[in-house]
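**Student:** The structure follows.
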Amino acid sequence: MGAAVVTVGLLAYQASAHVPPGLGKRHGSPAAHKAPRDTAHPTALPGNSGTGRRVVYSLDDDRVWLVGMAGNVERTFAVTPARVDPPPGAYTVASRSGAATGTDGVPVEHVVRFTSVDGVTIGFSAAVRDTAPAPDATVRTGGIRQTRADGDAMWDFATIGQRVVVIR
């Protein structure tokens with residue numbers, strides 16, 4: 001058990017030491033305003049969320065859409081937001097880790113990072129255990145948490161360079 005914790009810690013340190021210099025750079029802000037919603041279908045992809053293959057993350061709805069090339073929603077799911085939100089805008093996936101320890105001390109997998117805000121790295125991840133302790137409200141975290149099944153889908157979809165559009 002102790003060796004596993006040391007190994008995960010070492011991997012997390014190595015991943016943080018190799019964060020690309022472009023992490024955190026926004027590419028325009030096409031969706032800085034609140035994107036229109038279909039009130040009859042609250043899980044429908046919001047309008048003005050970009051075009052082409054992309055991950056769409058709604059800050060207001062705590063929801064993600066994985067959108068294919070033709071604009072078809074391949075999967076949508078609810079997420080638990082981070083304590084630190086990224087500003088609305090378009091980003092690209094800059095780094096990934098198969099396993100790490102979150103800022104809150106929770107072991108996570110399928111970490112997909114796309115920006116940072118004031119030194120806090122922002123990305124999607126899934127807690128390895130189904131029941132994780134409640135996060136410490138005083139810790140600034142950037143992990144947008146998803147279920148393990150949704151984390152598997154995100155991992156397969158959001159490779160390095162994949163566009164991530166953050167909307168209100």
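Identifiers for the structure tokens are assigned positionally: chains receive A, B, ... in sequence, residues are indexed from 1 per chain, and ligands are indexed from 1 in the order shown.
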Name the residues in contact with A:Gln162 at a cut-off of 8 Å, using only C-alpha atoms, excluding same-chain residues fewer than 3 positions from it; report them as a list in words.
**Tutor:**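 Here the qualifying residues turn out to be Arg53, Arg54, Val55, Thr92, Val93, Ala158 and Thr159 of chain A.
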**Student:** Got time to write the residues from that selection, all heavy atoms, as a compact mmCIF listing (two decimals), in the first residue's frame?
**Tutor:**
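This went into selection06.txt:
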```
# COMPACT_ATOMS: atom_id res chain seq x y z
N ARG A 53 -15.70 18.70 -33.99
CA ARG A 53 -15.46 17.78 -32.87
C ARG A 53 -14.93 18.56 -31.68
O ARG A 53 -13.94 19.30 -31.80
CB ARG A 53 -14.44 16.71 -33.30
CG ARG A 53 -14.31 15.56 -32.34
CD ARG A 53 -13.43 14.47 -32.97
NE ARG A 53 -13.54 13.23 -32.26
CZ ARG A 53 -12.84 12.93 -31.16
NH1 ARG A 53 -11.99 13.80 -30.67
NH2 ARG A 53 -13.00 11.76 -30.57
N ARG A 54 -15.57 18.39 -30.51
CA ARG A 54 -15.19 19.18 -29.34
C ARG A 54 -15.81 18.61 -28.07
O ARG A 54 -16.78 17.87 -28.13
CB ARG A 54 -15.62 20.63 -29.52
CG ARG A 54 -17.13 20.83 -29.55
CD ARG A 54 -17.53 22.14 -30.20
NE ARG A 54 -18.97 22.35 -30.22
CZ ARG A 54 -19.80 21.83 -31.11
NH1 ARG A 54 -19.37 21.03 -32.04
NH2 ARG A 54 -21.10 22.10 -31.05
N VAL A 55 -15.25 19.02 -26.95
CA VAL A 55 -15.84 18.81 -25.63
C VAL A 55 -16.48 20.14 -25.26
O VAL A 55 -15.83 21.18 -25.35
CB VAL A 55 -14.77 18.44 -24.58
CG1 VAL A 55 -15.39 18.35 -23.19
CG2 VAL A 55 -14.06 17.15 -24.94
N THR A 92 -7.56 23.88 -25.64
CA THR A 92 -7.21 22.57 -26.19
C THR A 92 -6.66 21.71 -25.06
O THR A 92 -6.06 22.21 -24.11
CB THR A 92 -6.16 22.65 -27.32
OG1 THR A 92 -5.02 23.35 -26.85
CG2 THR A 92 -6.72 23.35 -28.55
N VAL A 93 -6.88 20.40 -25.18
CA VAL A 93 -6.32 19.47 -24.20
C VAL A 93 -4.80 19.53 -24.33
O VAL A 93 -4.25 19.34 -25.42
CB VAL A 93 -6.83 18.03 -24.44
CG1 VAL A 93 -6.10 17.04 -23.53
CG2 VAL A 93 -8.34 17.96 -24.23
N ALA A 158 -11.11 12.76 -25.62
CA ALA A 158 -10.33 14.01 -25.48
C ALA A 158 -8.83 13.74 -25.43
O ALA A 158 -8.21 13.75 -24.37
CB ALA A 158 -10.79 14.77 -24.24
N THR A 159 -8.26 13.53 -26.60
CA THR A 159 -6.81 13.31 -26.69
C THR A 159 -6.10 14.67 -26.77
O THR A 159 -6.74 15.72 -26.88
CB THR A 159 -6.48 12.45 -27.93
OG1 THR A 159 -7.02 13.09 -29.08
CG2 THR A 159 -7.09 11.05 -27.79
```
**Student:** Name the residues in contact with A:Thr121 at a cut-off of 8 Å, using only C-alpha atoms, excluding same-chain residues fewer than 6 positions from it; report them as a ChimeraX atom specification.
**Tutor:** /A:113-115,141-143
**Student:** Write a file of the just-selected residues containing all heavy atoms, as an mmCIF file, in the first residue's frame.
**Tutor:**
```
data_model
loop_
_atom_site.group_PDB
_atom_site.id
_atom_site.type_symbol
_atom_site.label_atom_id
_atom_site.label_comp_id
_atom_site.auth_asym_id
_atom_site.auth_seq_id
_atom_site.Cartn_x
_atom_site.Cartn_y
_atom_site.Cartn_z
ATOM 1 N N ARG A 113 -6.325 17.487 -18.847
ATOM 2 C CA ARG A 113 -6.111 18.883 -18.450
ATOM 3 C C ARG A 113 -6.180 19.807 -19.670
ATOM 4 O O ARG A 113 -5.640 19.489 -20.715
ATOM 5 C CB ARG A 113 -4.750 19.033 -17.793
ATOM 6 C CG ARG A 113 -4.570 18.209 -16.552
ATOM 7 C CD ARG A 113 -3.132 18.327 -16.012
ATOM 8 N NE ARG A 113 -2.838 17.276 -15.070
ATOM 9 C CZ ARG A 113 -2.368 16.084 -15.404
ATOM 10 N NH1 ARG A 113 -2.106 15.785 -16.652
ATOM 11 N NH2 ARG A 113 -2.133 15.174 -14.474
ATOM 12 N N PHE A 114 -6.810 20.995 -19.478
ATOM 13 C CA PHE A 114 -6.933 21.908 -20.603
ATOM 14 C C PHE A 114 -6.607 23.363 -20.296
ATOM 15 O O PHE A 114 -6.476 24.171 -21.213
ATOM 16 C CB PHE A 114 -8.323 21.797 -21.251
ATOM 17 C CG PHE A 114 -9.472 22.160 -20.350
ATOM 18 C CD1 PHE A 114 -9.956 23.457 -20.295
ATOM 19 C CD2 PHE A 114 -10.080 21.184 -19.568
ATOM 20 C CE1 PHE A 114 -11.023 23.789 -19.482
ATOM 21 C CE2 PHE A 114 -11.151 21.498 -18.754
ATOM 22 C CZ PHE A 114 -11.620 22.809 -18.708
ATOM 23 N N THR A 115 -6.429 23.761 -19.046
ATOM 24 C CA THR A 115 -6.042 25.133 -18.732
ATOM 25 C C THR A 115 -5.596 25.231 -17.281
ATOM 26 O O THR A 115 -5.596 24.239 -16.543
ATOM 27 C CB THR A 115 -7.194 26.133 -19.016
ATOM 28 O OG1 THR A 115 -6.668 27.466 -18.996
ATOM 29 C CG2 THR A 115 -8.330 26.003 -18.030
ATOM 30 N N THR A 141 -9.337 23.652 -5.868
ATOM 31 C CA THR A 141 -9.150 22.504 -6.741
ATOM 32 C C THR A 141 -9.592 22.830 -8.165
ATOM 33 O O THR A 141 -10.473 23.648 -8.379
ATOM 34 C CB THR A 141 -9.958 21.288 -6.242
ATOM 35 O OG1 THR A 141 -11.352 21.631 -6.235
ATOM 36 C CG2 THR A 141 -9.532 20.864 -4.843
ATOM 37 N N GLY A 142 -8.978 22.157 -9.132
ATOM 38 C CA GLY A 142 -9.321 22.355 -10.530
ATOM 39 C C GLY A 142 -9.887 21.118 -11.179
ATOM 40 O O GLY A 142 -10.110 21.088 -12.381
ATOM 41 N N GLY A 143 -10.109 20.069 -10.383
ATOM 42 C CA GLY A 143 -10.611 18.805 -10.917
ATOM 43 C C GLY A 143 -12.116 18.828 -11.108
ATOM 44 O O GLY A 143 -12.861 18.928 -10.136
#
```
**Student:** Which is closest to A:Val79 among A:Val56, A:Ile160, A:Val106, A:Ala44, if we use only C-alpha atoms?
**Tutor:** A:Val56
**Student:** For each of A:Met154, A:Val84, A:Val112, A:Ala90, take the minimum atom-to-atom distance to A:Trp65, counting only C-alpha atoms, then give the residue where this is smallest.
**Tutor:**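 Closest to A:Trp65 of all the choices is A:Met154.
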**Student:** Which one of A:Gln146, A:Val64, A:Gly105, A:Asn72 sits closest to A:Gly52 if you count only C-alpha atoms?
**Tutor:**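 Smallest distance to A:Gly52 is found for A:Asn72.
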**Student:** Could you give me, as a PDB file with all heavy atoms, in the first residue's frame, the residues within 10 Å of A:Trp155, counting only C-alpha atoms and dropping anything in the same chain fewer than 4 positions from it?
**Tutor:**
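Listed below is the output, around32.pdb:
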```
ATOM      1  N   ARG A  96      -2.426  14.852 -20.272  1.00  0.00           N
ATOM      2  CA  ARG A  96      -3.289  13.785 -19.752  1.00  0.00           C
ATOM      3  C   ARG A  96      -2.459  12.894 -18.839  1.00  0.00           C
ATOM      4  O   ARG A  96      -1.257  12.753 -19.041  1.00  0.00           O
ATOM      5  CB  ARG A  96      -3.858  12.939 -20.896  1.00  0.00           C
ATOM      6  CG  ARG A  96      -4.704  13.703 -21.840  1.00  0.00           C
ATOM      7  CD  ARG A  96      -5.147  12.983 -23.102  1.00  0.00           C
ATOM      8  NE  ARG A  96      -4.950  11.568 -23.222  1.00  0.00           N
ATOM      9  CZ  ARG A  96      -5.895  10.672 -23.503  1.00  0.00           C
ATOM     10  NH1 ARG A  96      -7.134  11.063 -23.691  1.00  0.00           N
ATOM     11  NH2 ARG A  96      -5.627   9.401 -23.637  1.00  0.00           N
ATOM     12  N   SER A  97      -3.118  12.288 -17.866  1.00  0.00           N
ATOM     13  CA  SER A  97      -2.476  11.308 -16.990  1.00  0.00           C
ATOM     14  C   SER A  97      -3.451  10.171 -16.742  1.00  0.00           C
ATOM     15  O   SER A  97      -4.627  10.420 -16.452  1.00  0.00           O
ATOM     16  CB  SER A  97      -2.098  11.921 -15.639  1.00  0.00           C
ATOM     17  OG  SER A  97      -1.133  12.920 -15.788  1.00  0.00           O
ATOM     18  N   GLY A  98      -2.961   8.945 -16.829  1.00  0.00           N
ATOM     19  CA  GLY A  98      -3.807   7.789 -16.566  1.00  0.00           C
ATOM     20  C   GLY A  98      -4.245   7.713 -15.118  1.00  0.00           C
ATOM     21  O   GLY A  98      -5.366   7.312 -14.818  1.00  0.00           O
ATOM     22  N   GLU A 109      -8.355   9.008 -11.889  1.00  0.00           N
ATOM     23  CA  GLU A 109      -7.864   8.403 -13.121  1.00  0.00           C
ATOM     24  C   GLU A 109      -8.381   9.188 -14.314  1.00  0.00           C
ATOM     25  O   GLU A 109      -9.292   9.999 -14.178  1.00  0.00           O
ATOM     26  CB  GLU A 109      -8.299   6.944 -13.218  1.00  0.00           C
ATOM     27  CG  GLU A 109      -9.794   6.754 -13.327  1.00  0.00           C
ATOM     28  CD  GLU A 109     -10.206   5.286 -13.344  1.00  0.00           C
ATOM     29  OE1 GLU A 109      -9.349   4.401 -13.208  1.00  0.00           O
ATOM     30  OE2 GLU A 109     -11.413   5.032 -13.498  1.00  0.00           O
ATOM     31  N   HIS A 110      -7.790   8.912 -15.466  1.00  0.00           N
ATOM     32  CA  HIS A 110      -8.199   9.535 -16.724  1.00  0.00           C
ATOM     33  C   HIS A 110      -8.291  11.057 -16.600  1.00  0.00           C
ATOM     34  O   HIS A 110      -9.318  11.657 -16.891  1.00  0.00           O
ATOM     35  CB  HIS A 110      -9.502   8.927 -17.225  1.00  0.00           C
ATOM     36  CG  HIS A 110      -9.336   7.477 -17.551  1.00  0.00           C
ATOM     37  ND1 HIS A 110     -10.378   6.605 -17.553  1.00  0.00           N
ATOM     38  CD2 HIS A 110      -8.257   6.737 -17.891  1.00  0.00           C
ATOM     39  CE1 HIS A 110      -9.947   5.398 -17.875  1.00  0.00           C
ATOM     40  NE2 HIS A 110      -8.657   5.465 -18.089  1.00  0.00           N
ATOM     41  N   VAL A 111      -7.174  11.659 -16.210  1.00  0.00           N
ATOM     42  CA  VAL A 111      -7.090  13.104 -16.027  1.00  0.00           C
ATOM     43  C   VAL A 111      -6.821  13.759 -17.380  1.00  0.00           C
ATOM     44  O   VAL A 111      -5.863  13.415 -18.064  1.00  0.00           O
ATOM     45  CB  VAL A 111      -5.966  13.460 -15.030  1.00  0.00           C
ATOM     46  CG1 VAL A 111      -5.916  14.958 -14.805  1.00  0.00           C
ATOM     47  CG2 VAL A 111      -6.154  12.708 -13.717  1.00  0.00           C
ATOM     48  N   VAL A 112      -7.694  14.683 -17.772  1.00  0.00           N
ATOM     49  CA  VAL A 112      -7.591  15.398 -19.047  1.00  0.00           C
ATOM     50  C   VAL A 112      -7.521  16.890 -18.706  1.00  0.00           C
ATOM     51  O   VAL A 112      -8.521  17.492 -18.321  1.00  0.00           O
ATOM     52  CB  VAL A 112      -8.813  15.093 -19.951  1.00  0.00           C
ATOM     53  CG1 VAL A 112      -8.772  15.922 -21.216  1.00  0.00           C
ATOM     54  CG2 VAL A 112      -8.878  13.602 -20.280  1.00  0.00           C
ATOM     55  N   PHE A 124     -10.596  17.480 -16.374  1.00  0.00           N
ATOM     56  CA  PHE A 124     -11.597  16.468 -16.039  1.00  0.00           C
ATOM     57  C   PHE A 124     -10.907  15.254 -15.437  1.00  0.00           C
ATOM     58  O   PHE A 124      -9.810  14.889 -15.853  1.00  0.00           O
ATOM     59  CB  PHE A 124     -12.361  16.041 -17.297  1.00  0.00           C
ATOM     60  CG  PHE A 124     -13.021  17.177 -18.008  1.00  0.00           C
ATOM     61  CD1 PHE A 124     -12.455  17.729 -19.151  1.00  0.00           C
ATOM     62  CD2 PHE A 124     -14.220  17.712 -17.546  1.00  0.00           C
ATOM     63  CE1 PHE A 124     -13.063  18.774 -19.820  1.00  0.00           C
ATOM     64  CE2 PHE A 124     -14.830  18.767 -18.202  1.00  0.00           C
ATOM     65  CZ  PHE A 124     -14.250  19.300 -19.342  1.00  0.00           C
ATOM     66  N   SER A 125     -11.556  14.596 -14.472  1.00  0.00           N
ATOM     67  CA  SER A 125     -11.008  13.376 -13.873  1.00  0.00           C
ATOM     68  C   SER A 125     -12.129  12.588 -13.221  1.00  0.00           C
ATOM     69  O   SER A 125     -13.214  13.107 -12.983  1.00  0.00           O
ATOM     70  CB  SER A 125      -9.927  13.714 -12.840  1.00  0.00           C
ATOM     71  OG  SER A 125     -10.480  14.453 -11.763  1.00  0.00           O
ATOM     72  N   ALA A 149     -17.327   5.695 -15.553  1.00  0.00           N
ATOM     73  CA  ALA A 149     -17.776   5.374 -16.914  1.00  0.00           C
ATOM     74  C   ALA A 149     -17.666   6.605 -17.821  1.00  0.00           C
ATOM     75  O   ALA A 149     -17.203   6.510 -18.969  1.00  0.00           O
ATOM     76  CB  ALA A 149     -19.214   4.853 -16.898  1.00  0.00           C
ATOM     77  N   ASP A 150     -18.063   7.767 -17.302  1.00  0.00           N
ATOM     78  CA  ASP A 150     -17.940   8.999 -18.085  1.00  0.00           C
ATOM     79  C   ASP A 150     -16.469   9.373 -18.267  1.00  0.00           C
ATOM     80  O   ASP A 150     -16.070   9.884 -19.320  1.00  0.00           O
ATOM     81  CB  ASP A 150     -18.713  10.143 -17.425  1.00  0.00           C
ATOM     82  CG  ASP A 150     -20.219   9.918 -17.434  1.00  0.00           C
ATOM     83  OD1 ASP A 150     -20.717   9.211 -18.346  1.00  0.00           O
ATOM     84  OD2 ASP A 150     -20.901  10.428 -16.534  1.00  0.00           O
ATOM     85  N   GLY A 151     -15.660   9.094 -17.257  1.00  0.00           N
ATOM     86  CA  GLY A 151     -14.222   9.325 -17.370  1.00  0.00           C
ATOM     87  C   GLY A 151     -13.589   8.469 -18.452  1.00  0.00           C
ATOM     88  O   GLY A 151     -12.699   8.925 -19.183  1.00  0.00           O
ATOM     89  N   THR A 159      -8.257  13.527 -26.596  1.00  0.00           N
ATOM     90  CA  THR A 159      -6.810  13.310 -26.695  1.00  0.00           C
ATOM     91  C   THR A 159      -6.104  14.666 -26.771  1.00  0.00           C
ATOM     92  O   THR A 159      -6.743  15.717 -26.882  1.00  0.00           O
ATOM     93  CB  THR A 159      -6.484  12.449 -27.929  1.00  0.00           C
ATOM     94  OG1 THR A 159      -7.022  13.088 -29.083  1.00  0.00           O
ATOM     95  CG2 THR A 159      -7.087  11.048 -27.791  1.00  0.00           C
TER      96      THR A 159
END
```
**Student:** In Å, how far is it from atom CA of A:Asp61 to atom CA of A:Pro87?
**Tutor:**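 It comes out at 14.6 Å.
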**Student:** In Å, rounded to a single decimal, give me how far atom CA of A:Gly50 is from atom CA of A:Val120.
**Tutor:**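 One can read the atom CA of A:Val120 to atom CA of A:Gly50 distance as 25.4 Å.
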**Student:** Using only C-alpha atoms, pick whichever of A:Thr51, A:Phe157, A:Asp118, A:Thr101 has the shortest atom-to-atom distance to A:Ala70.
**Tutor:** A:Thr51
**Student:** Nearest to A:Arg63 among A:Arg129, A:Arg168, A:Arg163, A:Arg140, with distances taken over only C-alpha atoms: which residue is it?
**Tutor:**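 Result for the nearest residue to A:Arg63: A:Arg168.
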**Student:** In Å, with one decimal, what is the gap from atom CA of A:Ala153 to atom CA of A:Val117?
**Tutor:** 25.1 Å
**Student:** Could you go through stretch 35-143 of chain A and tell me which residues DSSP, when run on the backbone, assigns to strand (DSSP E), listing them as a PDB file with C-alpha atoms, in the first residue's frame?
**Tutor:**
```pdb
ATOM      1  CA  ARG A  54     -15.189  19.177 -29.345  1.00  0.00           C
ATOM      2  CA  VAL A  55     -15.842  18.806 -25.628  1.00  0.00           C
ATOM      3  CA  VAL A  56     -18.412  21.338 -24.394  1.00  0.00           C
ATOM      4  CA  TYR A  57     -18.438  22.125 -20.660  1.00  0.00           C
ATOM      5  CA  SER A  58     -21.229  24.271 -19.191  1.00  0.00           C
ATOM      6  CA  ARG A  63     -22.717  19.260 -17.731  1.00  0.00           C
ATOM      7  CA  VAL A  64     -20.390  18.012 -20.472  1.00  0.00           C
ATOM      8  CA  TRP A  65     -21.188  17.110 -24.077  1.00  0.00           C
ATOM      9  CA  LEU A  66     -18.806  15.090 -26.266  1.00  0.00           C
ATOM     10  CA  VAL A  67     -19.598  16.320 -29.772  1.00  0.00           C
ATOM     11  CA  VAL A  73     -23.720  14.529 -29.398  1.00  0.00           C
ATOM     12  CA  GLU A  74     -21.910  11.241 -28.738  1.00  0.00           C
ATOM     13  CA  ARG A  75     -22.408  11.453 -24.971  1.00  0.00           C
ATOM     14  CA  THR A  76     -23.583  13.932 -22.368  1.00  0.00           C
ATOM     15  CA  PHE A  77     -23.264  13.684 -18.605  1.00  0.00           C
ATOM     16  CA  ALA A  78     -23.406  15.678 -15.388  1.00  0.00           C
ATOM     17  CA  GLY A  89     -13.728  30.301 -24.011  1.00  0.00           C
ATOM     18  CA  ALA A  90     -12.072  27.738 -26.268  1.00  0.00           C
ATOM     19  CA  TYR A  91      -9.078  25.687 -25.098  1.00  0.00           C
ATOM     20  CA  THR A  92      -7.211  22.568 -26.190  1.00  0.00           C
ATOM     21  CA  SER A  95      -1.851  17.054 -21.022  1.00  0.00           C
ATOM     22  CA  ARG A  96      -3.289  13.785 -19.752  1.00  0.00           C
ATOM     23  CA  SER A  97      -2.476  11.308 -16.990  1.00  0.00           C
ATOM     24  CA  GLY A  98      -3.807   7.789 -16.566  1.00  0.00           C
ATOM     25  CA  ALA A  99      -3.668   8.080 -12.775  1.00  0.00           C
ATOM     26  CA  ALA A 100      -2.831  10.813 -10.277  1.00  0.00           C
ATOM     27  CA  THR A 101      -3.786  12.192  -6.895  1.00  0.00           C
ATOM     28  CA  PRO A 107      -6.875   9.191  -6.158  1.00  0.00           C
ATOM     29  CA  VAL A 108      -8.183   9.917  -9.669  1.00  0.00           C
ATOM     30  CA  GLU A 109      -7.864   8.403 -13.121  1.00  0.00           C
ATOM     31  CA  HIS A 110      -8.199   9.535 -16.724  1.00  0.00           C
ATOM     32  CA  VAL A 111      -7.090  13.104 -16.027  1.00  0.00           C
ATOM     33  CA  VAL A 112      -7.591  15.398 -19.047  1.00  0.00           C
ATOM     34  CA  ARG A 113      -6.111  18.883 -18.450  1.00  0.00           C
ATOM     35  CA  PHE A 114      -6.933  21.908 -20.603  1.00  0.00           C
ATOM     36  CA  THR A 115      -6.042  25.133 -18.732  1.00  0.00           C
ATOM     37  CA  SER A 116      -4.943  26.693 -15.476  1.00  0.00           C
ATOM     38  CA  VAL A 117      -6.249  29.622 -13.463  1.00  0.00           C
ATOM     39  CA  VAL A 120      -4.592  25.877 -10.351  1.00  0.00           C
ATOM     40  CA  THR A 121      -4.632  23.309 -13.167  1.00  0.00           C
ATOM     41  CA  ILE A 122      -8.123  22.694 -14.573  1.00  0.00           C
ATOM     42  CA  GLY A 123      -9.216  19.387 -16.079  1.00  0.00           C
ATOM     43  CA  PHE A 124     -11.597  16.468 -16.039  1.00  0.00           C
ATOM     44  CA  SER A 125     -11.008  13.376 -13.873  1.00  0.00           C
ATOM     45  CA  ALA A 126     -12.794  10.469 -12.242  1.00  0.00           C
ATOM     46  CA  ALA A 127     -12.337   9.435  -8.624  1.00  0.00           C
ATOM     47  CA  GLY A 143     -10.611  18.805 -10.917  1.00  0.00           C
TER      48      GLY A 143
END
```
